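Report on the following structure.
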Amino acid sequence: MNDRIESIRHADGVVELQLSRADKMNALDPAMFDALIDAGTRLSDDTRVRAVVLAGRGKAFCAGLDMQSFERMGQGGASGVIGSGAAADLLARTHGIANAAQQVAMVWREVPVPVIAAVHGVAFGGGLQVALGADVRLVAPDTKLSVMEIKWGLVPDMGGMVLMRELARTDVVRELTFTGRIFSGEEAVALGFATRVSADPLADALQMAHEIAQKSPDAIRAGKRLLNAAMAHSAADLLLAESVEQKALVGSANQTEAVRANIERRAPRFVPAP
């Protein structure tokens, strides 16, 4: 684990993971991608863990992909966005049925105990998908959330299509994917993207985690296995479909134009789709 995440282990087996890039609103850069995957992988193999709380330091849970990564995209490529080599190949299944970017969200389903996301400030794009990978999401009422990829000429490709389909009606998922509009924590609960509103998501998430830690660890782990199995139908095909679409988008004329327009604070000038 690197300096992007602080891990706090409580005596009863609760592990608190704090995204610690507060000066950048915990935005996702290659180091944050690596830290999240590493943290989830380590917890997956740790039989002492009873529950996990995932939160963000500072003003936000996670603002999504960091601006430097978008600037690299604006130059017409994906290199360096999530890493190099195999990690940068969206079609490579580097983590079972997922690629590296998808594993950042999907790894929390592989952690064999409940993962509770405490969400405040903003959860945009990839940050929202990380939160969706948790089993439970407690959100502050004024949290701002968005399936924001369309702003940058992209589609959700960090497991979002697998995770959103189990939480909300398909027309809701489509509307948010097509518009990228920002919605509140209260609306997130109404739509199905959050479990409940909390005035203090981190405190309430820790309270829930400590309560879970008092339950039978065997039953808790069995329950999560069963719940995962119920939701996993055709996940491999859908994850690969995400990657195929994203590979075609990254570096394309309209995607780089979306990035440049945002960086230059002007209206985009898109070309007709082929």
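Residue names in the structure tokens use chain letters A, B, ... in the order shown, residue numbers from 1 in each chain, and ligand numbers from 1 in the order shown.
Once range 57-71 of chain A and its same-chain neighbours fewer than 5 positions away are set aside, Gln18, Leu19, Ser20, Arg21, Ala22, Asp23, Lys24, Met25, Asn26, Ala27, Leu28, Asp29, Gly80, Val81, Ala118, Val119, His120, Gly121, Val122, Ala123, Phe124, Gly125, Gly126, Gly127, Leu128, Val259, Arg260 and Ile263 of chain A remain within 8 Å of it when counting only C-alpha atoms.
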### Task
May I have all residues of range 11-169 of chain A that DSSP, computed from the backbone, assigns to helix (DSSP H, G or I), given as a VMD selection string?
chain A and resid 22 to 24 30 to 44 67 to 74 85 to 88 100 to 110 126 to 132 148 to 152 160 to 165
Close residues, Val111 in chain A itself excluded, 7 Å, only C-alpha atoms, min 5 positions apart in chain, as a PDB file with all heavy atoms, in the first residue's frame:
ATOM      1  N   GLY A  40      -7.546  -3.680  -1.428  1.00  0.00           N
ATOM      2  CA  GLY A  40      -8.601  -4.683  -1.535  1.00  0.00           C
ATOM      3  C   GLY A  40      -8.058  -6.093  -1.597  1.00  0.00           C
ATOM      4  O   GLY A  40      -8.606  -7.014  -0.976  1.00  0.00           O
ATOM      5  N   LEU A  43      -6.848  -7.219   1.878  1.00  0.00           N
ATOM      6  CA  LEU A  43      -7.969  -7.510   2.772  1.00  0.00           C
ATOM      7  C   LEU A  43      -8.665  -8.815   2.386  1.00  0.00           C
ATOM      8  O   LEU A  43      -9.206  -9.517   3.241  1.00  0.00           O
ATOM      9  CB  LEU A  43      -8.963  -6.352   2.757  1.00  0.00           C
ATOM     10  CG  LEU A  43      -8.454  -5.046   3.392  1.00  0.00           C
ATOM     11  CD1 LEU A  43      -9.464  -3.927   3.176  1.00  0.00           C
ATOM     12  CD2 LEU A  43      -8.179  -5.236   4.873  1.00  0.00           C
ATOM     13  N   SER A  44      -8.667  -9.124   1.108  1.00  0.00           N
ATOM     14  CA  SER A  44      -9.302 -10.362   0.644  1.00  0.00           C
ATOM     15  C   SER A  44      -8.633 -11.598   1.228  1.00  0.00           C
ATOM     16  O   SER A  44      -9.279 -12.633   1.407  1.00  0.00           O
ATOM     17  CB  SER A  44      -9.263 -10.431  -0.892  1.00  0.00           C
ATOM     18  OG  SER A  44     -10.016  -9.390  -1.462  1.00  0.00           O
TER      19      SER A  44
END
### Task
Compile the contact shell of Asp218 in chain A as a PyMOL selection string: residues with an atom at most 12 Å away, counting only C-alpha atoms, same-chain residues fewer than 2 positions apart removed.
chain A and resi 47-50+112-113+212-216+220-225
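You can rank A:Ser184, A:Gln246, A:Asn228, A:Thr195 by their closest distance to Asp142 in chain A using only C-alpha atoms, and at the top of that list sits A:Ser184.
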Which residues come within 12 Å of Arg174 in chain A, counting only C-alpha atoms, excluding same-chain residues fewer than 2 positions away, as a tab-separated table (two decimals) with C-alpha atoms, in the first residue's frame?
chain	number	residue	atom	x	y	z
A	147	VAL	CA	-22.02	9.31	-13.72
A	150	ILE	CA	-20.05	11.50	-20.75
A	155	VAL	CA	-18.62	5.67	-20.88
A	156	PRO	CA	-18.52	4.22	-17.35
A	160	GLY	CA	-20.17	0.75	-13.46
A	161	MET	CA	-22.38	-1.12	-15.90
A	164	MET	CA	-25.47	0.11	-11.58
A	165	ARG	CA	-27.73	-2.50	-13.11
A	168	ALA	CA	-31.48	1.19	-10.19
A	169	ARG	CA	-34.03	0.85	-12.97
A	170	THR	CA	-32.54	0.69	-16.43
A	171	ASP	CA	-34.14	3.98	-17.51
A	172	VAL	CA	-32.57	5.73	-14.50
A	176	LEU	CA	-27.66	9.40	-15.72
A	177	THR	CA	-25.22	7.79	-18.18
A	178	PHE	CA	-26.45	9.89	-21.12
A	179	THR	CA	-26.65	13.24	-19.28
A	180	GLY	CA	-23.92	13.05	-16.64
A	181	ARG	CA	-26.05	15.30	-14.46
### Query
Could you name the residues that touch Ala134 in chain A at 10 Å or less, counting only C-alpha atoms, but leaving out those on the same chain fewer than 5 positions away, as number ranges by chain?
A: 52-54, 105-109, 111, 114-118, 129, 163
